[in-house]
Amino acid sequence: MILASGRSLRGAVLTAIDPAYEQRVSRASQAMVQGELAALADDSFSVVLGGSLARMLGVRVGDSVEVTVPRLTMTPLGVFPRSKRLTVVGLFEVGAQPDTFQAYVGLAAGQKLLGPRRSVEGLQLKTADLISAPQTIAQLADQLPEGYQLQDWSQTQGSLFRAVKMEKVMVSLLLLSVVAVAAFNIVSTLVMSVAEKRRDIAVLRTMGARASGVMAIFVAHGLGLALVGITAGAIIGVLLATNISAITLFIENLFGVKLFDPSVYFISELPSVLMPGDVLMVTLASLALSLLATIYPAWRAANVAPAEVLRYE
């Protein structure tokens with residue numbers, strides 16, 4: 001479908017729905033930012049648009065858009081594509097790509113536009129468990145006669161979720177790389193500390209300190225440095241994650257820029273959900289890498305020969 005408003009033209013996916021049933025199978029009614037999805041229940045030619053699509057068309061609630069349907073109409077002047085003016089009665093935003101192309105009309109209006117009347121070309125089902133949707137569709141396919149086409153979210157949106165999963169894995173690897181670099185800094189700091197404290201280590205060894213005790217001292221020193229950094233990083237990270245939307249808005253207002261253009265990134269804000277399990281996993285992994293980083297410098301400190309060091313003092 002093509003939606004037009006003034007000089008703006010945008011391609012869109014026009015879906016005819018029954019608002020009463022749509023509220024049972026989707027969260028479209030909960031994503032409404034202006035107007036109500038129930039306004040599509042009457043027979044009037046009205047439409048609910050995605051927030052980004054409405055901004056690109058330059059329309060608001062109460063304005064009208066012209067939809068061109070790929071159906072031909074026979075007139076005395078020739079054959080023309082079917083078009084109709086629709087009144088915008090609501091806007092929705094889910095913070096994803098559908099905001100840029102999705103439009104909803106009432107079932108009766110959709111049947112008049114798309115035809116044939118009094119017919120329904122598809123049904124949308126909602127499963128109690130999102131993960132079980134492919135199995136449920138497979139069971140329905142075995143029970144229905146031939147000629148029906150069934151699709152679940154893993155087929156229509158599967159590539160998106162696979163991409164998100166791959167991005168999460170890559171971000172985890174990048175984060176571990178950053179932690180490894182920080183652990184290498186601990187190694188270099190402790191190695192320099194061992195080089196500077198060779199005389200003190202030799203004195204301790206001559207006074208009866210064991211090699212294991214010297215090693216424990218430097219391991220504790222390294223872990224102390226790591227704990228300070230891990231604690232500070234975890235606190236700052238949690239604060240940034242829980243307030244990222246407010247921080248983004250502050251930067252946009254301060255510099256007068258739009259960090260996330262909805263027409264490019266398909267999102268109007270940066271959502272953030274704090275996951276304590278991920279925070280704990282990152283913290284423990286950082287602590288484990290820091291512990292490994294202290295072993296080599298501590299081993300070098302434990303193997304300092306007191307006689308060789310004090311010979312030149």
# chains A, B, ... in the order shown; residues from 1 in each chain; ligands from 1
>>> select_by_dssp(residues="segment 182-306 of chain A", states="helix (DSSP H, G or I)", output="PyMOL selection string")
chain A and resi 182-196+198-206+211-242+244-255+262-265+276-302+306
>>> residues_around(residues="Leu270 of chain A", least_positions_apart="4", cutoff="8 Å", atoms="only C-alpha atoms", output="mmCIF file with all heavy atoms, in the first residue's frame")
data_model
loop_
_atom_site.group_PDB
_atom_site.id
_atom_site.type_symbol
_atom_site.label_atom_id
_atom_site.label_comp_id
_atom_site.auth_asym_id
_atom_site.auth_seq_id
_atom_site.Cartn_x
_atom_site.Cartn_y
_atom_site.Cartn_z
ATOM 1 N N ILE A 244 19.598 5.437 31.435
ATOM 2 C CA ILE A 244 20.106 5.734 30.097
ATOM 3 C C ILE A 244 19.139 6.606 29.303
ATOM 4 O O ILE A 244 19.566 7.470 28.527
ATOM 5 C CB ILE A 244 20.407 4.414 29.339
ATOM 6 C CG1 ILE A 244 21.155 4.695 28.046
ATOM 7 C CG2 ILE A 244 19.128 3.621 29.107
ATOM 8 C CD1 ILE A 244 22.509 5.278 28.245
ATOM 9 N N SER A 245 17.829 6.410 29.481
ATOM 10 C CA SER A 245 16.855 7.229 28.744
ATOM 11 C C SER A 245 16.945 8.689 29.166
ATOM 12 O O SER A 245 16.947 9.595 28.316
ATOM 13 C CB SER A 245 15.435 6.705 28.976
ATOM 14 O OG SER A 245 15.312 5.376 28.500
ATOM 15 N N THR A 248 20.210 10.145 27.806
ATOM 16 C CA THR A 248 20.096 10.411 26.371
ATOM 17 C C THR A 248 19.290 11.674 26.108
ATOM 18 O O THR A 248 19.669 12.513 25.276
ATOM 19 C CB THR A 248 19.437 9.211 25.668
ATOM 20 O OG1 THR A 248 20.203 8.031 25.925
ATOM 21 C CG2 THR A 248 19.358 9.447 24.167
ATOM 22 N N PHE A 260 19.174 9.218 18.173
ATOM 23 C CA PHE A 260 18.597 8.062 17.498
ATOM 24 C C PHE A 260 17.436 8.539 16.625
ATOM 25 O O PHE A 260 16.316 8.724 17.101
ATOM 26 C CB PHE A 260 18.108 7.015 18.507
ATOM 27 C CG PHE A 260 19.202 6.497 19.401
ATOM 28 C CD1 PHE A 260 19.367 7.018 20.678
ATOM 29 C CD2 PHE A 260 20.069 5.517 18.968
ATOM 30 C CE1 PHE A 260 20.367 6.563 21.497
ATOM 31 C CE2 PHE A 260 21.085 5.059 19.786
ATOM 32 C CZ PHE A 260 21.234 5.579 21.052
#
>>> residues_around(residues="segment 185-197 of chain A", least_positions_apart="6", cutoff="7 Å", atoms="only C-alpha atoms", output="list in words")
Gly222, Ala293, Thr294, Pro297 and Ala301 of chain A
>>> select_by_dssp(residues="segment 82-194 of chain A", states="strand (DSSP E)", output="PDB file with all heavy atoms, in the first residue's frame")
ATOM      1  N   ARG A  82      -7.406   1.800  -7.027  1.00  0.00           N
ATOM      2  CA  ARG A  82      -8.371   2.201  -6.020  1.00  0.00           C
ATOM      3  C   ARG A  82      -7.676   3.033  -4.938  1.00  0.00           C
ATOM      4  O   ARG A  82      -6.602   2.678  -4.448  1.00  0.00           O
ATOM      5  CB  ARG A  82      -9.009   0.970  -5.391  1.00  0.00           C
ATOM      6  CG  ARG A  82     -10.159   1.264  -4.429  1.00  0.00           C
ATOM      7  CD  ARG A  82     -10.712  -0.020  -3.852  1.00  0.00           C
ATOM      8  NE  ARG A  82     -11.164  -0.918  -4.918  1.00  0.00           N
ATOM      9  CZ  ARG A  82     -11.628  -2.151  -4.694  1.00  0.00           C
ATOM     10  NH1 ARG A  82     -11.670  -2.624  -3.452  1.00  0.00           N
ATOM     11  NH2 ARG A  82     -12.023  -2.909  -5.702  1.00  0.00           N
ATOM     12  N   SER A  83      -8.272   4.151  -4.559  1.00  0.00           N
ATOM     13  CA  SER A  83      -7.710   5.012  -3.517  1.00  0.00           C
ATOM     14  C   SER A  83      -8.845   5.528  -2.641  1.00  0.00           C
ATOM     15  O   SER A  83      -9.997   5.624  -3.086  1.00  0.00           O
ATOM     16  CB  SER A  83      -6.923   6.177  -4.115  1.00  0.00           C
ATOM     17  OG  SER A  83      -7.781   7.004  -4.890  1.00  0.00           O
ATOM     18  N   LYS A  84      -8.486   5.874  -1.411  1.00  0.00           N
ATOM     19  CA  LYS A  84      -9.474   6.335  -0.446  1.00  0.00           C
ATOM     20  C   LYS A  84      -8.780   7.181   0.604  1.00  0.00           C
ATOM     21  O   LYS A  84      -7.634   6.901   0.988  1.00  0.00           O
ATOM     22  CB  LYS A  84     -10.155   5.127   0.213  1.00  0.00           C
ATOM     23  CG  LYS A  84     -11.315   5.503   1.122  1.00  0.00           C
ATOM     24  CD  LYS A  84     -12.507   6.025   0.333  1.00  0.00           C
ATOM     25  CE  LYS A  84     -13.695   6.318   1.224  1.00  0.00           C
ATOM     26  NZ  LYS A  84     -14.856   6.828   0.487  1.00  0.00           N
ATOM     27  N   ARG A  85      -9.467   8.203   1.092  1.00  0.00           N
ATOM     28  CA  ARG A  85      -8.933   9.042   2.160  1.00  0.00           C
ATOM     29  C   ARG A  85      -9.352   8.457   3.507  1.00  0.00           C
ATOM     30  O   ARG A  85     -10.529   8.162   3.744  1.00  0.00           O
ATOM     31  CB  ARG A  85      -9.417  10.487   2.032  1.00  0.00           C
ATOM     32  CG  ARG A  85      -8.953  11.170   0.766  1.00  0.00           C
ATOM     33  CD  ARG A  85      -9.027  12.682   0.890  1.00  0.00           C
ATOM     34  NE  ARG A  85      -8.015  13.191   1.812  1.00  0.00           N
ATOM     35  CZ  ARG A  85      -6.741  13.445   1.466  1.00  0.00           C
ATOM     36  NH1 ARG A  85      -6.331  13.230   0.222  1.00  0.00           N
ATOM     37  NH2 ARG A  85      -5.898  13.917   2.349  1.00  0.00           N
ATOM     38  N   LEU A  86      -8.354   8.302   4.376  1.00  0.00           N
ATOM     39  CA  LEU A  86      -8.585   7.740   5.699  1.00  0.00           C
ATOM     40  C   LEU A  86      -8.265   8.781   6.756  1.00  0.00           C
ATOM     41  O   LEU A  86      -7.302   9.544   6.611  1.00  0.00           O
ATOM     42  CB  LEU A  86      -7.711   6.501   5.919  1.00  0.00           C
ATOM     43  CG  LEU A  86      -7.823   5.381   4.878  1.00  0.00           C
ATOM     44  CD1 LEU A  86      -6.838   4.273   5.210  1.00  0.00           C
ATOM     45  CD2 LEU A  86      -9.248   4.841   4.826  1.00  0.00           C
ATOM     46  N   THR A  87      -9.031   8.797   7.812  1.00  0.00           N
ATOM     47  CA  THR A  87      -8.815   9.729   8.920  1.00  0.00           C
ATOM     48  C   THR A  87      -7.958   9.051   9.994  1.00  0.00           C
ATOM     49  O   THR A  87      -8.262   7.940  10.424  1.00  0.00           O
ATOM     50  CB  THR A  87     -10.149  10.170   9.531  1.00  0.00           C
ATOM     51  OG1 THR A  87     -10.955  10.782   8.517  1.00  0.00           O
ATOM     52  CG2 THR A  87      -9.919  11.175  10.646  1.00  0.00           C
ATOM     53  N   VAL A  88      -6.916   9.720  10.413  1.00  0.00           N
ATOM     54  CA  VAL A  88      -6.031   9.184  11.442  1.00  0.00           C
ATOM     55  C   VAL A  88      -6.714   9.331  12.801  1.00  0.00           C
ATOM     56  O   VAL A  88      -7.004  10.453  13.234  1.00  0.00           O
ATOM     57  CB  VAL A  88      -4.665   9.912  11.438  1.00  0.00           C
ATOM     58  CG1 VAL A  88      -3.763   9.326  12.525  1.00  0.00           C
ATOM     59  CG2 VAL A  88      -4.001   9.804  10.074  1.00  0.00           C
ATOM     60  N   VAL A  89      -6.965   8.213  13.463  1.00  0.00           N
ATOM     61  CA  VAL A  89      -7.656   8.242  14.757  1.00  0.00           C
ATOM     62  C   VAL A  89      -6.752   7.787  15.903  1.00  0.00           C
ATOM     63  O   VAL A  89      -7.176   7.807  17.062  1.00  0.00           O
ATOM     64  CB  VAL A  89      -8.921   7.360  14.712  1.00  0.00           C
ATOM     65  CG1 VAL A  89      -9.927   7.926  13.729  1.00  0.00           C
ATOM     66  CG2 VAL A  89      -8.564   5.918  14.378  1.00  0.00           C
ATOM     67  N   GLY A  90      -5.529   7.387  15.613  1.00  0.00           N
ATOM     68  CA  GLY A  90      -4.652   6.934  16.681  1.00  0.00           C
ATOM     69  C   GLY A  90      -3.250   6.685  16.189  1.00  0.00           C
ATOM     70  O   GLY A  90      -3.010   6.463  14.994  1.00  0.00           O
ATOM     71  N   LEU A  91      -2.291   6.717  17.119  1.00  0.00           N
ATOM     72  CA  LEU A  91      -0.887   6.438  16.840  1.00  0.00           C
ATOM     73  C   LEU A  91      -0.386   5.439  17.880  1.00  0.00           C
ATOM     74  O   LEU A  91      -0.753   5.524  19.054  1.00  0.00           O
ATOM     75  CB  LEU A  91      -0.035   7.711  16.905  1.00  0.00           C
ATOM     76  CG  LEU A  91      -0.443   8.879  15.988  1.00  0.00           C
ATOM     77  CD1 LEU A  91       0.452  10.076  16.263  1.00  0.00           C
ATOM     78  CD2 LEU A  91      -0.354   8.470  14.529  1.00  0.00           C
ATOM     79  N   PHE A  92       0.448   4.523  17.445  1.00  0.00           N
ATOM     80  CA  PHE A  92       1.045   3.555  18.369  1.00  0.00           C
ATOM     81  C   PHE A  92       2.557   3.552  18.188  1.00  0.00           C
ATOM     82  O   PHE A  92       3.074   3.885  17.120  1.00  0.00           O
ATOM     83  CB  PHE A  92       0.479   2.148  18.143  1.00  0.00           C
ATOM     84  CG  PHE A  92       0.950   1.500  16.860  1.00  0.00           C
ATOM     85  CD1 PHE A  92       2.113   0.745  16.830  1.00  0.00           C
ATOM     86  CD2 PHE A  92       0.222   1.648  15.690  1.00  0.00           C
ATOM     87  CE1 PHE A  92       2.551   0.156  15.651  1.00  0.00           C
ATOM     88  CE2 PHE A  92       0.651   1.065  14.506  1.00  0.00           C
ATOM     89  CZ  PHE A  92       1.817   0.315  14.489  1.00  0.00           C
ATOM     90  N   GLN A 102       3.733   0.037   9.684  1.00  0.00           N
ATOM     91  CA  GLN A 102       2.475  -0.636   9.983  1.00  0.00           C
ATOM     92  C   GLN A 102       1.327   0.358  10.103  1.00  0.00           C
ATOM     93  O   GLN A 102       1.456   1.425  10.701  1.00  0.00           O
ATOM     94  CB  GLN A 102       2.600  -1.435  11.271  1.00  0.00           C
ATOM     95  CG  GLN A 102       1.376  -2.288  11.590  1.00  0.00           C
ATOM     96  CD  GLN A 102       1.156  -3.387  10.566  1.00  0.00           C
ATOM     97  OE1 GLN A 102       2.004  -4.221  10.337  1.00  0.00           O
ATOM     98  NE2 GLN A 102      -0.013  -3.366   9.932  1.00  0.00           N
ATOM     99  N   ALA A 103       0.184  -0.004   9.521  1.00  0.00           N
ATOM    100  CA  ALA A 103      -1.052   0.776   9.625  1.00  0.00           C
ATOM    101  C   ALA A 103      -2.220  -0.196   9.793  1.00  0.00           C
ATOM    102  O   ALA A 103      -2.237  -1.270   9.182  1.00  0.00           O
ATOM    103  CB  ALA A 103      -1.257   1.648   8.395  1.00  0.00           C
ATOM    104  N   TYR A 104      -3.189   0.195  10.637  1.00  0.00           N
ATOM    105  CA  TYR A 104      -4.344  -0.653  10.913  1.00  0.00           C
ATOM    106  C   TYR A 104      -5.623   0.073  10.518  1.00  0.00           C
ATOM    107  O   TYR A 104      -5.774   1.275  10.771  1.00  0.00           O
ATOM    108  CB  TYR A 104      -4.428  -1.016  12.401  1.00  0.00           C
ATOM    109  CG  TYR A 104      -3.315  -1.914  12.878  1.00  0.00           C
ATOM    110  CD1 TYR A 104      -2.296  -1.409  13.683  1.00  0.00           C
ATOM    111  CD2 TYR A 104      -3.291  -3.265  12.552  1.00  0.00           C
ATOM    112  CE1 TYR A 104      -1.277  -2.231  14.137  1.00  0.00           C
ATOM    113  CE2 TYR A 104      -2.274  -4.089  12.994  1.00  0.00           C
ATOM    114  CZ  TYR A 104      -1.269  -3.567  13.788  1.00  0.00           C
ATOM    115  OH  TYR A 104      -0.258  -4.377  14.228  1.00  0.00           O
ATOM    116  N   VAL A 105      -6.542  -0.670   9.913  1.00  0.00           N
ATOM    117  CA  VAL A 105      -7.891  -0.173   9.641  1.00  0.00           C
ATOM    118  C   VAL A 105      -8.879  -1.174  10.216  1.00  0.00           C
ATOM    119  O   VAL A 105      -8.524  -2.318  10.532  1.00  0.00           O
ATOM    120  CB  VAL A 105      -8.142   0.011   8.125  1.00  0.00           C
ATOM    121  CG1 VAL A 105      -7.235   1.087   7.558  1.00  0.00           C
ATOM    122  CG2 VAL A 105      -7.953  -1.301   7.373  1.00  0.00           C
ATOM    123  N   GLY A 106     -10.127  -0.745  10.378  1.00  0.00           N
ATOM    124  CA  GLY A 106     -11.152  -1.650  10.861  1.00  0.00           C
ATOM    125  C   GLY A 106     -11.438  -2.747   9.854  1.00  0.00           C
ATOM    126  O   GLY A 106     -11.181  -2.604   8.649  1.00  0.00           O
TER     127      GLY A 106
END
>>> residues_around(residues="segment 177-182 of chain A", least_positions_apart="2", cutoff="9 Å", atoms="only C-alpha atoms", output="ChimeraX atom specification")
/A:172-175,184-187,226,285-286,289-290,293
>>> write_last_selection(atoms="all heavy atoms", output="CSV table (one decimal), in the first residue's frame")
chain,number,residue,atom,x,y,z
A,172,SER,N,29.2,-9.6,24.4
A,172,SER,CA,29.9,-10.3,25.5
A,172,SER,C,31.3,-10.6,25.3
A,172,SER,O,32.2,-10.4,26.2
A,172,SER,CB,29.1,-11.7,25.8
A,172,SER,OG,27.8,-11.5,26.1
A,173,LEU,N,31.7,-11.0,24.1
A,173,LEU,CA,33.1,-11.2,23.7
A,173,LEU,C,33.9,-9.9,23.8
A,173,LEU,O,35.0,-9.8,24.3
A,173,LEU,CB,33.2,-11.8,22.3
A,173,LEU,CG,32.7,-13.2,22.2
A,173,LEU,CD1,32.8,-13.7,20.7
A,173,LEU,CD2,33.5,-14.2,23.1
A,174,LEU,N,33.3,-8.8,23.3
A,174,LEU,CA,34.0,-7.5,23.4
A,174,LEU,C,34.2,-7.1,24.8
A,174,LEU,O,35.2,-6.5,25.2
A,174,LEU,CB,33.2,-6.4,22.6
A,174,LEU,CG,33.2,-6.6,21.1
A,174,LEU,CD1,32.2,-5.6,20.5
A,174,LEU,CD2,34.6,-6.4,20.5
A,175,LEU,N,33.1,-7.3,25.7
A,175,LEU,CA,33.2,-6.9,27.1
A,175,LEU,C,34.3,-7.7,27.8
A,175,LEU,O,35.1,-7.2,28.6
A,175,LEU,CB,31.9,-7.1,27.8
A,175,LEU,CG,31.8,-6.7,29.2
A,175,LEU,CD1,32.2,-5.3,29.4
A,175,LEU,CD2,30.4,-7.0,29.8
A,184,PHE,N,45.4,-7.3,32.2
A,184,PHE,CA,46.8,-7.1,31.8
A,184,PHE,C,47.4,-5.9,32.5
A,184,PHE,O,48.6,-5.9,32.8
A,184,PHE,CB,46.8,-7.0,30.3
A,184,PHE,CG,48.2,-6.8,29.8
A,184,PHE,CD1,49.1,-7.9,29.6
A,184,PHE,CD2,48.7,-5.5,29.4
A,184,PHE,CE1,50.4,-7.7,29.2
A,184,PHE,CE2,50.0,-5.4,28.9
A,184,PHE,CZ,50.9,-6.5,28.8
A,185,ASN,N,46.6,-4.8,32.6
A,185,ASN,CA,47.1,-3.7,33.4
A,185,ASN,C,47.5,-4.1,34.8
A,185,ASN,O,48.4,-3.5,35.4
A,185,ASN,CB,46.1,-2.6,33.4
A,185,ASN,CG,45.9,-1.9,32.0
A,185,ASN,OD1,46.9,-2.0,31.2
A,185,ASN,ND2,44.8,-1.3,31.7
A,186,ILE,N,46.7,-5.0,35.4
A,186,ILE,CA,47.0,-5.4,36.8
A,186,ILE,C,48.3,-6.2,36.8
A,186,ILE,O,49.1,-6.0,37.6
A,186,ILE,CB,45.8,-6.3,37.3
A,186,ILE,CG1,44.6,-5.5,37.5
A,186,ILE,CG2,46.2,-7.0,38.6
A,186,ILE,CD1,43.4,-6.3,38.0
A,187,VAL,N,48.5,-7.0,35.7
A,187,VAL,CA,49.8,-7.8,35.6
A,187,VAL,C,51.0,-6.8,35.5
A,187,VAL,O,51.9,-7.0,36.3
A,187,VAL,CB,49.7,-8.7,34.3
A,187,VAL,CG1,51.1,-9.3,34.1
A,187,VAL,CG2,48.7,-9.7,34.5
A,226,ALA,N,41.8,-4.9,41.9
A,226,ALA,CA,40.7,-5.4,41.0
A,226,ALA,C,39.3,-5.1,41.7
A,226,ALA,O,38.4,-4.7,41.0
A,226,ALA,CB,40.8,-6.8,40.8
A,285,ALA,N,33.1,-12.9,36.3
A,285,ALA,CA,34.1,-13.1,35.3
A,285,ALA,C,35.3,-12.2,35.4
A,285,ALA,O,36.4,-12.5,35.3
A,285,ALA,CB,33.4,-13.0,33.9
A,286,SER,N,35.0,-10.9,35.7
A,286,SER,CA,36.0,-9.9,35.9
A,286,SER,C,36.9,-10.3,37.1
A,286,SER,O,38.1,-10.2,37.1
A,286,SER,CB,35.4,-8.5,36.1
A,286,SER,OG,34.6,-8.2,35.1
A,289,LEU,N,39.2,-13.3,36.1
A,289,LEU,CA,40.3,-12.9,35.3
A,289,LEU,C,41.3,-12.1,36.1
A,289,LEU,O,42.5,-12.2,35.9
A,289,LEU,CB,39.8,-12.0,34.1
A,289,LEU,CG,39.0,-12.8,33.0
A,289,LEU,CD1,38.5,-11.8,32.0
A,289,LEU,CD2,40.0,-13.8,32.3
A,290,SER,N,40.8,-11.3,37.0
A,290,SER,CA,41.8,-10.5,37.9
A,290,SER,C,42.6,-11.4,38.8
A,290,SER,O,43.8,-11.2,39.0
A,290,SER,CB,41.0,-9.5,38.7
A,290,SER,OG,40.2,-8.6,37.9
A,293,ALA,N,45.2,-12.9,36.7
A,293,ALA,CA,46.3,-11.9,36.4
A,293,ALA,C,47.3,-11.7,37.5
A,293,ALA,O,48.4,-11.3,37.2
A,293,ALA,CB,45.6,-10.6,36.0
>>> atom_distance(atom1="atom CA of Gly51 of chain A", atom2="atom CA of Gly11 of chain A")
14.5 Å
>>> residues_around(residues="Met1 of chain A", least_positions_apart="6", cutoff="9 Å", atoms="only C-alpha atoms", output="number ranges by chain")
A: 10-14, 67-70
>>> write_last_selection(atoms="C-alpha atoms", output="mmCIF file, in the first residue's frame")
data_model
loop_
_atom_site.group_PDB
_atom_site.id
_atom_site.type_symbol
_atom_site.label_atom_id
_atom_site.label_comp_id
_atom_site.auth_asym_id
_atom_site.auth_seq_id
_atom_site.Cartn_x
_atom_site.Cartn_y
_atom_site.Cartn_z
ATOM 1 C CA ARG A 10 5.383 6.186 2.101
ATOM 2 C CA GLY A 11 4.959 2.486 1.562
ATOM 3 C CA ALA A 12 3.039 0.771 4.329
ATOM 4 C CA VAL A 13 1.538 -2.542 5.357
ATOM 5 C CA LEU A 14 -2.203 -2.036 5.751
ATOM 6 C CA VAL A 67 -4.228 5.229 0.693
ATOM 7 C CA THR A 68 -3.700 3.703 -2.749
ATOM 8 C CA VAL A 69 -4.619 0.032 -2.934
ATOM 9 C CA PRO A 70 -3.204 -2.297 -5.621
#
>>> residues_around(residues="Thr283 of chain A", least_positions_apart="6", cutoff="12 Å", atoms="only C-alpha atoms", output="PDB file with C-alpha atoms, in the first residue's frame")
ATOM      1  CA  LEU A 175      33.250  -6.916  27.065  1.00  0.00           C
ATOM      2  CA  LEU A 176      35.479  -9.841  28.035  1.00  0.00           C
ATOM      3  CA  VAL A 179      38.162  -6.916  30.998  1.00  0.00           C
ATOM      4  CA  ALA A 226      40.669  -5.361  41.041  1.00  0.00           C
ATOM      5  CA  LEU A 227      37.893  -5.098  43.639  1.00  0.00           C
ATOM      6  CA  VAL A 228      38.123  -1.316  43.636  1.00  0.00           C
ATOM      7  CA  GLY A 229      37.808  -1.205  39.846  1.00  0.00           C
ATOM      8  CA  ILE A 230      35.082  -3.877  39.680  1.00  0.00           C
ATOM      9  CA  THR A 231      32.995  -2.213  42.385  1.00  0.00           C
ATOM     10  CA  ALA A 232      33.296   1.232  40.808  1.00  0.00           C
ATOM     11  CA  GLY A 233      32.566  -0.139  37.347  1.00  0.00           C
ATOM     12  CA  ALA A 234      29.538  -2.132  38.512  1.00  0.00           C
ATOM     13  CA  ILE A 235      28.029   0.851  40.353  1.00  0.00           C
ATOM     14  CA  GLY A 237      27.310   0.652  34.933  1.00  0.00           C
ATOM     15  CA  VAL A 238      24.121  -0.006  36.900  1.00  0.00           C
ATOM     16  CA  PRO A 276      20.900  -8.780  37.805  1.00  0.00           C
ATOM     17  CA  GLY A 277      22.030 -12.163  36.480  1.00  0.00           C
ATOM     18  CA  LEU A 289      40.294 -12.853  35.285  1.00  0.00           C
ATOM     19  CA  SER A 290      41.764 -10.502  37.872  1.00  0.00           C
TER      20      SER A 290
END
>>> atom_distance(atom1="atom CA of Leu274 of chain A", atom2="atom CA of Thr242 of chain A")
6.6 Å
>>> closest_residue(among="A:Leu123, A:Val164, A:Val94, A:Asp152", to="Thr136 of chain A", atoms="only C-alpha atoms")
A:Asp152
>>> closest_residue(among="A:Leu53, A:Val120, A:Ile217, A:Ser272", to="Leu239 of chain A", atoms="only C-alpha atoms")
A:Ser272
>>> decode(residues="segment 195-200 of chain A", atoms="all heavy atoms", output="compact mmCIF listing (two decimals), in the first residue's frame")
# COMPACT_ATOMS: atom_id res chain seq x y z
N ALA A 195 59.29 -5.45 40.99
CA ALA A 195 60.63 -4.94 40.68
C ALA A 195 61.06 -3.87 41.68
O ALA A 195 62.24 -3.78 42.05
CB ALA A 195 60.64 -4.39 39.26
N GLU A 196 60.10 -3.04 42.12
CA GLU A 196 60.44 -1.97 43.05
C GLU A 196 60.63 -2.49 44.48
O GLU A 196 61.36 -1.88 45.28
CB GLU A 196 59.35 -0.90 43.04
CG GLU A 196 59.23 -0.15 41.71
CD GLU A 196 58.05 0.81 41.72
OE1 GLU A 196 57.30 0.79 42.73
OE2 GLU A 196 57.87 1.53 40.73
N LYS A 197 59.96 -3.57 44.80
CA LYS A 197 59.98 -4.07 46.18
C LYS A 197 60.87 -5.30 46.34
O LYS A 197 60.73 -6.04 47.33
CB LYS A 197 58.54 -4.43 46.60
CG LYS A 197 57.55 -3.29 46.53
CD LYS A 197 57.89 -2.17 47.51
CE LYS A 197 56.84 -1.06 47.47
NZ LYS A 197 57.17 0.03 48.42
N ARG A 198 61.82 -5.51 45.43
CA ARG A 198 62.69 -6.68 45.55
C ARG A 198 63.48 -6.67 46.86
O ARG A 198 63.64 -7.70 47.51
CB ARG A 198 63.65 -6.72 44.35
CG ARG A 198 62.98 -7.15 43.04
CD ARG A 198 63.95 -6.99 41.87
NE ARG A 198 65.14 -7.81 42.05
CZ ARG A 198 65.25 -9.09 41.70
NH1 ARG A 198 64.21 -9.69 41.12
NH2 ARG A 198 66.37 -9.76 41.88
N ARG A 199 63.98 -5.50 47.24
CA ARG A 199 64.76 -5.41 48.49
C ARG A 199 63.89 -5.74 49.69
O ARG A 199 64.30 -6.48 50.60
CB ARG A 199 65.36 -4.01 48.62
CG ARG A 199 66.23 -3.83 49.87
CD ARG A 199 66.86 -2.45 49.88
NE ARG A 199 67.66 -2.25 51.10
CZ ARG A 199 67.18 -1.86 52.25
NH1 ARG A 199 65.87 -1.61 52.38
NH2 ARG A 199 67.97 -1.70 53.30
N ASP A 200 62.67 -5.17 49.71
CA ASP A 200 61.77 -5.45 50.83
C ASP A 200 61.38 -6.92 50.88
O ASP A 200 61.25 -7.51 51.97
CB ASP A 200 60.51 -4.59 50.71
CG ASP A 200 60.82 -3.10 50.77
OD1 ASP A 200 61.82 -2.75 51.42
OD2 ASP A 200 60.07 -2.31 50.16
